[in-house]
Amino acid sequence: SAAEKGGWSSFMLKEITEEPDAVANTLRERIHEGDVKVPELEALGDEVLREVDRIIVVAAGTAAYAGQVGTYAIESWARVPVDVQLAHEFRYRDPIVGPNTLVVSISQSGETMDTLMAVKYARELGARTISICNTQGATIPRESDAALYTHAGPEVAVASTKAFVAQITALYLLGLQLARVKGTLDEAARRELVEELVAVPEKIRFATGEHERIAELAHWMGTASAVLFLGRHVGYPIALEGALKLKELAYIHAEGFAAGELKHGPIALIEPGLPVFVLVPSPRHSEEMHRKVISNIQEIRARGARVIAVAEQADAAVLPFADEVIALPLAGKFFEPLIAVVPLQIFAMELATAKGLDVDQPRNLAKSVTVE
Ligand code: G6P
């Protein structure tokens, strides 16, 4: 109802606006004097975390993309191999799970049947299980050894937005806690990362400041029949999520690719006028990756496609080649995705709105899929 939306035109707009709080609230009481200290993980026992030698994330939809973002940071910080397996694939692939395998499920609702069944199966195989969940007391956290709740607040719009950034935040807390227990990051390094994490909400707020421009962009793209998204490293799962949002909300054929794959196939799709979003990693983090993505942009532009670069505001290198630039505030390597996803969510929402669609209740979708 209009009253529940509290004056917002849609739950989706309300929930996108709540993203800074979703991150801040998920951090609350899990950071102590500038260092990570997660009570829910401490309850599992340091010994248990220290011995973890493999992490498997099980999830579906947007939650699985949050998991994919998390793999880069957790591997880099805690030096534990992490992979994401779609919950509905996990059981049928004869997964390699031992007593030191940690299975981390991610689910906004905590009721997705595929994810629940994957968690139960992991427990049968002897794994430890942690649930990252946004709904207090839901079935999946109850079936897990530990629950690391995201505190994004109730998410009503069917397509997930604020839960996504909260899920990445929770995964980063897990990665930092593991790094602390395993001694793979010293205190100074952890403090620096914690500082970055704490600064994310303000940076998301900055990104939402581009709303009007993104809305204009969405309006002239209302007739596009396909949109591509390219990203590298942590930008890759964000490209996948940007494409998913556009499919879900605007019913437009959209695909996300790893930028490095461009010449291995997707470049054949590039044609004049095709909108292509490119997530540009900061040159401050990797000059090499930056240069490679800029060269992708040139290849796309040379074939007449329209490039919308999502890049940090100080990145002048993109300007000559991009048709549009969505500027992001400066952020650490692993923190860019938490910010870069927001303009893509806004874009999908605005494009759907321009097409006269219901952004809160897209056709054929359910908020929580409780059947297999
Ligand atoms: C449904 C929703 C998606 C969501 C997915 C996983 O398909 O429409 O937005 O990402 O389920 O839901 P969960 O509650 O497990 O995160």
# chains A, B, ... in the order shown; residues from 1 in each chain; ligands from 1
>>> residues_near_ligand(ligand="ligand 1", cutoff="6 Å", atoms="only C-alpha atoms and all ligand atoms", output="list in words")
Ala60, Gly61, Thr62, Ala63, Ser107, Gln108, Ser109, Gly110, Thr112, Val158, Ala159, Ser160, Leu365, Ala366, Lys367, Ser368 and Val369 of chain A
>>> write_last_selection(atoms="N, CA and C atoms", output="PDB file, in the first residue's frame")
ATOM      1  N   ALA A  60      21.245 -18.710  -4.750  1.00  0.00           N
ATOM      2  CA  ALA A  60      20.572 -18.611  -6.052  1.00  0.00           C
ATOM      3  C   ALA A  60      20.328 -17.140  -6.363  1.00  0.00           C
ATOM      4  N   GLY A  61      20.281 -16.842  -7.645  1.00  0.00           N
ATOM      5  CA  GLY A  61      19.921 -15.493  -8.095  1.00  0.00           C
ATOM      6  C   GLY A  61      20.933 -14.449  -7.651  1.00  0.00           C
ATOM      7  N   THR A  62      20.411 -13.310  -7.229  1.00  0.00           N
ATOM      8  CA  THR A  62      21.256 -12.189  -6.812  1.00  0.00           C
ATOM      9  C   THR A  62      22.199 -12.583  -5.675  1.00  0.00           C
ATOM     10  N   ALA A  63      21.719 -13.415  -4.769  1.00  0.00           N
ATOM     11  CA  ALA A  63      22.558 -13.844  -3.640  1.00  0.00           C
ATOM     12  C   ALA A  63      23.802 -14.584  -4.140  1.00  0.00           C
ATOM     13  N   SER A 107      21.035 -16.135   1.526  1.00  0.00           N
ATOM     14  CA  SER A 107      19.633 -16.045   1.128  1.00  0.00           C
ATOM     15  C   SER A 107      18.971 -14.876   1.846  1.00  0.00           C
ATOM     16  N   GLN A 108      18.406 -13.991   1.075  1.00  0.00           N
ATOM     17  CA  GLN A 108      17.690 -12.863   1.676  1.00  0.00           C
ATOM     18  C   GLN A 108      16.535 -13.378   2.535  1.00  0.00           C
ATOM     19  N   SER A 109      15.717 -14.229   1.948  1.00  0.00           N
ATOM     20  CA  SER A 109      14.505 -14.703   2.623  1.00  0.00           C
ATOM     21  C   SER A 109      14.809 -15.763   3.667  1.00  0.00           C
ATOM     22  N   GLY A 110      15.848 -16.544   3.413  1.00  0.00           N
ATOM     23  CA  GLY A 110      16.130 -17.682   4.284  1.00  0.00           C
ATOM     24  C   GLY A 110      15.179 -18.838   4.057  1.00  0.00           C
ATOM     25  N   THR A 112      14.462 -19.973   0.542  1.00  0.00           N
ATOM     26  CA  THR A 112      14.605 -20.526  -0.808  1.00  0.00           C
ATOM     27  C   THR A 112      14.860 -22.033  -0.717  1.00  0.00           C
ATOM     28  N   VAL A 158      10.314  -7.449  -5.314  1.00  0.00           N
ATOM     29  CA  VAL A 158      10.696  -8.830  -5.634  1.00  0.00           C
ATOM     30  C   VAL A 158      12.176  -8.940  -6.010  1.00  0.00           C
ATOM     31  N   ALA A 159      12.652  -8.051  -6.852  1.00  0.00           N
ATOM     32  CA  ALA A 159      14.063  -8.114  -7.258  1.00  0.00           C
ATOM     33  C   ALA A 159      14.922  -7.519  -6.140  1.00  0.00           C
ATOM     34  N   SER A 160      15.961  -8.231  -5.796  1.00  0.00           N
ATOM     35  CA  SER A 160      16.770  -7.873  -4.632  1.00  0.00           C
ATOM     36  C   SER A 160      17.720  -6.711  -4.927  1.00  0.00           C
ATOM     37  N   LEU A 365       7.811 -13.552 -11.570  1.00  0.00           N
ATOM     38  CA  LEU A 365       8.795 -13.765 -10.509  1.00  0.00           C
ATOM     39  C   LEU A 365       8.128 -13.816  -9.136  1.00  0.00           C
ATOM     40  N   ALA A 366       8.790 -14.524  -8.223  1.00  0.00           N
ATOM     41  CA  ALA A 366       8.337 -14.550  -6.823  1.00  0.00           C
ATOM     42  C   ALA A 366       9.468 -14.050  -5.947  1.00  0.00           C
ATOM     43  N   LYS A 367       9.127 -13.420  -4.860  1.00  0.00           N
ATOM     44  CA  LYS A 367      10.147 -12.904  -3.936  1.00  0.00           C
ATOM     45  C   LYS A 367      10.988 -14.026  -3.378  1.00  0.00           C
ATOM     46  N   SER A 368      10.319 -15.106  -3.059  1.00  0.00           N
ATOM     47  CA  SER A 368      11.039 -16.215  -2.461  1.00  0.00           C
ATOM     48  C   SER A 368      10.502 -17.493  -3.106  1.00  0.00           C
ATOM     49  N   VAL A 369      11.413 -18.284  -3.658  1.00  0.00           N
ATOM     50  CA  VAL A 369      10.984 -19.480  -4.368  1.00  0.00           C
ATOM     51  C   VAL A 369      11.068 -20.666  -3.407  1.00  0.00           C
TER      52      VAL A 369
END
>>> residues_around(residues="A:Ile300", least_positions_apart="3", cutoff="12 Å", atoms="only C-alpha atoms", output="number ranges by chain")
A: 228-230, 259, 262-263, 266-278, 293-297, 303-309, 321-323
>>> atom_distance(atom1="atom CA of A:Lys247", atom2="atom CA of A:Val342")
16.0 Å
>>> residues_around(residues="stretch 154-157 of chain A", least_positions_apart="2", cutoff="8 Å", atoms="only C-alpha atoms", output="list of chain:residue names")
A:Phe11, A:Met12, A:Glu15, A:Asn134, A:Thr135, A:Ala152, A:Ala159, A:Ser160, A:Lys162, A:Ala163, A:Val359, A:Asp360, A:Gln361, A:Lys367
>>> atom_distance(atom1="atom CA of A:Met117", atom2="atom CA of A:Leu102")
15.8 Å
>>> residues_around(residues="A:Ser131", least_positions_apart="6", cutoff="9 Å", atoms="only C-alpha atoms", output="ChimeraX atom specification")
/A:103-107,110,119,140-149
>>> select_by_dssp(residues="stretch 173-341 of chain A", states="strand (DSSP E or B)", output="PyMOL selection string")
chain A and resi 226-231+253-258+275-279+306-312+324-328
>>> write_last_selection(atoms="C-alpha atoms", output="short mmCIF file (atom, residue, chain, number, x, y, z; two decimals), in the first residue's frame")
data_model
loop_
_atom_site.label_atom_id
_atom_site.label_comp_id
_atom_site.auth_asym_id
_atom_site.auth_seq_id
_atom_site.Cartn_x
_atom_site.Cartn_y
_atom_site.Cartn_z
CA ALA A 226 19.45 -5.79 -25.77
CA VAL A 227 22.05 -4.41 -23.38
CA LEU A 228 25.46 -5.84 -22.53
CA PHE A 229 27.49 -5.44 -19.34
CA LEU A 230 31.22 -6.00 -19.09
CA GLY A 231 33.37 -6.17 -15.99
CA HIS A 253 17.57 -9.27 -23.02
CA ALA A 254 20.73 -8.45 -21.12
CA GLU A 255 23.96 -10.30 -20.61
CA GLY A 256 26.98 -9.79 -18.43
CA PHE A 257 30.43 -10.89 -19.52
CA ALA A 258 33.91 -10.97 -18.10
CA PRO A 275 24.26 -0.08 -25.35
CA VAL A 276 27.20 -1.60 -23.47
CA PHE A 277 27.88 -0.84 -19.83
CA VAL A 278 31.52 -1.21 -18.90
CA LEU A 279 32.64 -1.35 -15.28
CA ARG A 306 27.28 3.01 -27.25
CA VAL A 307 29.54 2.78 -24.24
CA ILE A 308 28.35 3.72 -20.79
CA ALA A 309 31.42 3.64 -18.57
CA VAL A 310 30.98 3.21 -14.84
CA ALA A 311 34.28 4.58 -13.59
CA GLU A 312 35.79 6.41 -10.67
CA GLU A 324 28.46 8.41 -21.12
CA VAL A 325 30.33 8.22 -17.86
CA ILE A 326 28.73 7.39 -14.55
CA ALA A 327 31.16 8.67 -11.95
CA LEU A 328 31.89 6.79 -8.74
#
